[in-house]
Amino acid sequence: MRKNIVAGNWKMNTTLNEGVGLAKDVNEALKNVDAKCDVVICVPFTHLYPVAQVIDPAKLGLGAENCADHTKGAYTGEVSASMVVSTGATYVILGHSERRQYYGETAEILKQKVNLALENNLTPIFCIGEVLEQRENGTYLDVVKAQIEDALFDLSAEDFSKLVLAYEPVWAIGTGKTATDDQAQEMHAFIRKVIEDKYGKEVAENTSILYGGSCKPSNAKALFAKPDVDGGLIGGASLDAESFMGIVTAF
Ligand code: PGA
């Protein structure tokens with residue numbers, strides 16, 4: 001059966017010292033709870049290796065927030081999937097709406113990134129989600145279906161089953177406006193059906209689909225109680241160990 005996962009996405013927050021401190025706090029807090037889910041923190045590139053030194057990988061997974069769409073070479077400022085792996089990280093967020101929106105990441109670029117992540121044995125946390133206008137004009141299901149098809153449906157069933165998906169309605173990210181648990185369930189069940197139609201029931205049932213967008217301790221329990229919501233990708237609320245743990249323990 002699929003895993004429940006709570007993953008933090010720190011985005012462009014914390015200096016190195018602050019980040020290492022936060023990672024230590026989460027690692028420490030996990031010693032005192034019997035977490036019913038896998039717990040992951042996705043941190044800035046600069047923090048990956050130092051954070052890897054202070055966490056117990058059996059209890060706390062580590063991921064990057066992005067990786068390059070090329071293997072190596074003359075791509076100033078980029079960080080490759082193999083570099084990410086070499087720090088000790090095992091996850092990478094790909095296709096986050098902020099990457100799509102501010103850095104022009106297209107389905108073609110994301111295909112390359114997913115392939116390189118998988119070649120390097122990184123688990124992609126692949127993000128999809130509609131903007132407010134698409135939610136309001138009723139096209140949101142089609143939009144999300146196209147995001148999945150365009151970037152991921154060239155994968156073999158074996159490779160697809162290595163992915164984690166994260167549904168993040170863009171209108172809910174960082175806005176304090178969360179999708180209701182019913183809105184999340186509708187979309188998650190739809191995503192699972194899209195996967196089933198392409199790869200079959202077993203792959204669909206085994207794919208973890210996380211919800212992201214203003215998820216916090218106060219709403220995590222209701223969201224995670226929905227049958228197709230397998231955890232969360234947490235931005236703002238992952239920057240404080242106590243609130244992050246409040247979400248982890250919602251399972
Ligand atoms: P948020 O961000 O929890 O701050 O809304 C979620 C995300 O962008 O992954």
# chains A, B, ... in the order shown; residues from 1 in each chain; ligands from 1

call {"tool": "residues_around", "arguments": {"residues": "Glu108 (chain A)", "least_positions_apart": "5", "cutoff": "12 Å", "atoms": "only C-alpha atoms", "output": "list in words"}}
result
Asp69, Gly95, Arg100, Lys113, Val114, Asn115, Gln147, Ile148, Glu149, Asp150, Ala151, Leu152, Phe153 and Asp154 of chain A

call {"tool": "closest_atom_pairs", "arguments": {"of": "chain A", "to": "ligand 1", "cutoff": "9 Å", "atoms": "only C-alpha atoms and all ligand atoms", "output": "JSON lines"}}
result
{"residue": "A:Ala7", "atom": "CA", "partner": "ligand 1", "partner_atom_place_in_ligand_line": "9 (O)", "distance": 8.7}
{"residue": "A:Gly8", "atom": "CA", "partner": "ligand 1", "partner_atom_place_in_ligand_line": "9 (O)", "distance": 7.5}
{"residue": "A:Asn9", "atom": "CA", "partner": "ligand 1", "partner_atom_place_in_ligand_line": "9 (O)", "distance": 5.5}
{"residue": "A:Trp10", "atom": "CA", "partner": "ligand 1", "partner_atom_place_in_ligand_line": "9 (O)", "distance": 8.2}
{"residue": "A:Lys11", "atom": "CA", "partner": "ligand 1", "partner_atom_place_in_ligand_line": "8 (O)", "distance": 7.8}
{"residue": "A:Ile93", "atom": "CA", "partner": "ligand 1", "partner_atom_place_in_ligand_line": "9 (O)", "distance": 9.0}
{"residue": "A:His96", "atom": "CA", "partner": "ligand 1", "partner_atom_place_in_ligand_line": "8 (O)", "distance": 7.0}
{"residue": "A:Ser97", "atom": "CA", "partner": "ligand 1", "partner_atom_place_in_ligand_line": "8 (O)", "distance": 7.4}
{"residue": "A:Glu98", "atom": "CA", "partner": "ligand 1", "partner_atom_place_in_ligand_line": "8 (O)", "distance": 7.6}
{"residue": "A:Cys127", "atom": "CA", "partner": "ligand 1", "partner_atom_place_in_ligand_line": "9 (O)", "distance": 8.4}
{"residue": "A:Ala166", "atom": "CA", "partner": "ligand 1", "partner_atom_place_in_ligand_line": "9 (O)", "distance": 8.4}
{"residue": "A:Glu168", "atom": "CA", "partner": "ligand 1", "partner_atom_place_in_ligand_line": "7 (C)", "distance": 6.9}
{"residue": "A:Val170", "atom": "CA", "partner": "ligand 1", "partner_atom_place_in_ligand_line": "8 (O)", "distance": 8.0}
{"residue": "A:Trp171", "atom": "CA", "partner": "ligand 1", "partner_atom_place_in_ligand_line": "5 (O)", "distance": 8.9}
{"residue": "A:Ala172", "atom": "CA", "partner": "ligand 1", "partner_atom_place_in_ligand_line": "5 (O)", "distance": 6.0}
{"residue": "A:Ile173", "atom": "CA", "partner": "ligand 1", "partner_atom_place_in_ligand_line": "5 (O)", "distance": 3.4}
{"residue": "A:Gly174", "atom": "CA", "partner": "ligand 1", "partner_atom_place_in_ligand_line": "5 (O)", "distance": 3.6}
{"residue": "A:Thr175", "atom": "CA", "partner": "ligand 1", "partner_atom_place_in_ligand_line": "5 (O)", "distance": 6.3}
{"residue": "A:Gly176", "atom": "CA", "partner": "ligand 1", "partner_atom_place_in_ligand_line": "5 (O)", "distance": 6.8}
{"residue": "A:Lys177", "atom": "CA", "partner": "ligand 1", "partner_atom_place_in_ligand_line": "5 (O)", "distance": 8.3}
{"residue": "A:Thr178", "atom": "CA", "partner": "ligand 1", "partner_atom_place_in_ligand_line": "5 (O)", "distance": 8.0}
{"residue": "A:Tyr211", "atom": "CA", "partner": "ligand 1", "partner_atom_place_in_ligand_line": "6 (C)", "distance": 8.6}
{"residue": "A:Gly212", "atom": "CA", "partner": "ligand 1", "partner_atom_place_in_ligand_line": "6 (C)", "distance": 4.9}
{"residue": "A:Gly213", "atom": "CA", "partner": "ligand 1", "partner_atom_place_in_ligand_line": "5 (O)", "distance": 3.6}
{"residue": "A:Ser214", "atom": "CA", "partner": "ligand 1", "partner_atom_place_in_ligand_line": "5 (O)", "distance": 3.6}
{"residue": "A:Cys215", "atom": "CA", "partner": "ligand 1", "partner_atom_place_in_ligand_line": "3 (O)", "distance": 5.2}
{"residue": "A:Lys216", "atom": "CA", "partner": "ligand 1", "partner_atom_place_in_ligand_line": "3 (O)", "distance": 7.3}
{"residue": "A:Gly232", "atom": "CA", "partner": "ligand 1", "partner_atom_place_in_ligand_line": "9 (O)", "distance": 8.5}
{"residue": "A:Leu233", "atom": "CA", "partner": "ligand 1", "partner_atom_place_in_ligand_line": "9 (O)", "distance": 5.1}
{"residue": "A:Ile234", "atom": "CA", "partner": "ligand 1", "partner_atom_place_in_ligand_line": "3 (O)", "distance": 4.2}
{"residue": "A:Gly235", "atom": "CA", "partner": "ligand 1", "partner_atom_place_in_ligand_line": "3 (O)", "distance": 3.4}
{"residue": "A:Gly236", "atom": "CA", "partner": "ligand 1", "partner_atom_place_in_ligand_line": "4 (O)", "distance": 3.8}
{"residue": "A:Ala237", "atom": "CA", "partner": "ligand 1", "partner_atom_place_in_ligand_line": "3 (O)", "distance": 6.0}
{"residue": "A:Ser238", "atom": "CA", "partner": "ligand 1", "partner_atom_place_in_ligand_line": "3 (O)", "distance": 7.6}

call {"tool": "closest_residue", "arguments": {"among": "A:Leu223, A:Leu118, A:Leu155, A:Leu163", "to": "Tyr199 (chain A)", "atoms": "only C-alpha atoms"}}
result
A:Leu155

call {"tool": "atom_distance", "arguments": {"atom1": "CA of Ser161 (chain A)", "atom2": "CA of Arg2 (chain A)"}}
result
10.1 Å

call {"tool": "atom_distance", "arguments": {"atom1": "CA of Ala157 (chain A)", "atom2": "CA of Lys193 (chain A)"}}
result
14.7 Å

call {"tool": "select_by_dssp", "arguments": {"residues": "region 63-240 of chain A", "states": "strand (DSSP E or B)", "output": "list in words"}}
result
Gly63, Ala64, Tyr91, Val92, Ile93, Leu94, Thr123, Pro124, Ile125, Phe126, Cys127, Ile128, Val164, Leu165, Ala166, Tyr167, Ile209, Leu210, Tyr211, Gly212, Gly231, Gly232, Leu233 and Ile234 of chain A

call {"tool": "closest_atom_pairs", "arguments": {"of": "region 114-197 of chain A", "to": "region 34-46 of chain A", "cutoff": "12 Å", "atoms": "only C-alpha atoms", "output": "Markdown table"}}
result
| residue | atom | partner | partner_atom | distance |
| --- | --- | --- | --- | --- |
| A:Thr123 | CA | A:Val40 | CA | 11.3 |
| A:Pro124 | CA | A:Cys42 | CA | 11.2 |
| A:Ile125 | CA | A:Cys42 | CA | 9.9 |

call {"tool": "write_last_selection", "arguments": {"atoms": "C-alpha atoms", "output": "short mmCIF file (atom, residue, chain, number, x, y, z; two decimals), in the first residue's frame"}}
result
data_model
loop_
_atom_site.label_atom_id
_atom_site.label_comp_id
_atom_site.auth_asym_id
_atom_site.auth_seq_id
_atom_site.Cartn_x
_atom_site.Cartn_y
_atom_site.Cartn_z
CA THR A 123 12.33 10.30 -5.58
CA PRO A 124 10.60 13.19 -7.34
CA ILE A 125 7.81 14.94 -5.49
#

call {"tool": "residues_around", "arguments": {"residues": "Asp240 (chain A)", "least_positions_apart": "3", "cutoff": "10 Å", "atoms": "only C-alpha atoms", "output": "JSON, numbers by chain"}}
result
{"A": [10, 22, 23, 25, 26, 236, 237, 243, 244, 245, 246]}

call {"tool": "atom_distance", "arguments": {"atom1": "CA of Val248 (chain A)", "atom2": "CA of Glu18 (chain A)"}}
result
20.8 Å

call {"tool": "closest_residue", "arguments": {"among": "A:Thr207, A:Val33, A:Glu133, A:Leu16", "to": "Ala250 (chain A)", "atoms": "only C-alpha atoms"}}
result
A:Val33

call {"tool": "select_by_dssp", "arguments": {"residues": "region 80-250 of chain A", "states": "helix (DSSP H, G or I)", "output": "ChimeraX atom specification"}}
result
/A:81-86,97-102,107-119,132-136,140-152,157-160,170-172,181-199,201-206,217-224,236-238,241-248

call {"tool": "residues_around", "arguments": {"residues": "Asn120 (chain A)", "least_positions_apart": "6", "cutoff": "10 Å", "atoms": "only C-alpha atoms", "output": "count of residues only"}}
result
9

call {"tool": "closest_residue", "arguments": {"among": "A:Ala179, A:Val194, A:Ile5, A:Ile55", "to": "Leu132 (chain A)", "atoms": "only C-alpha atoms"}}
result
A:Ala179
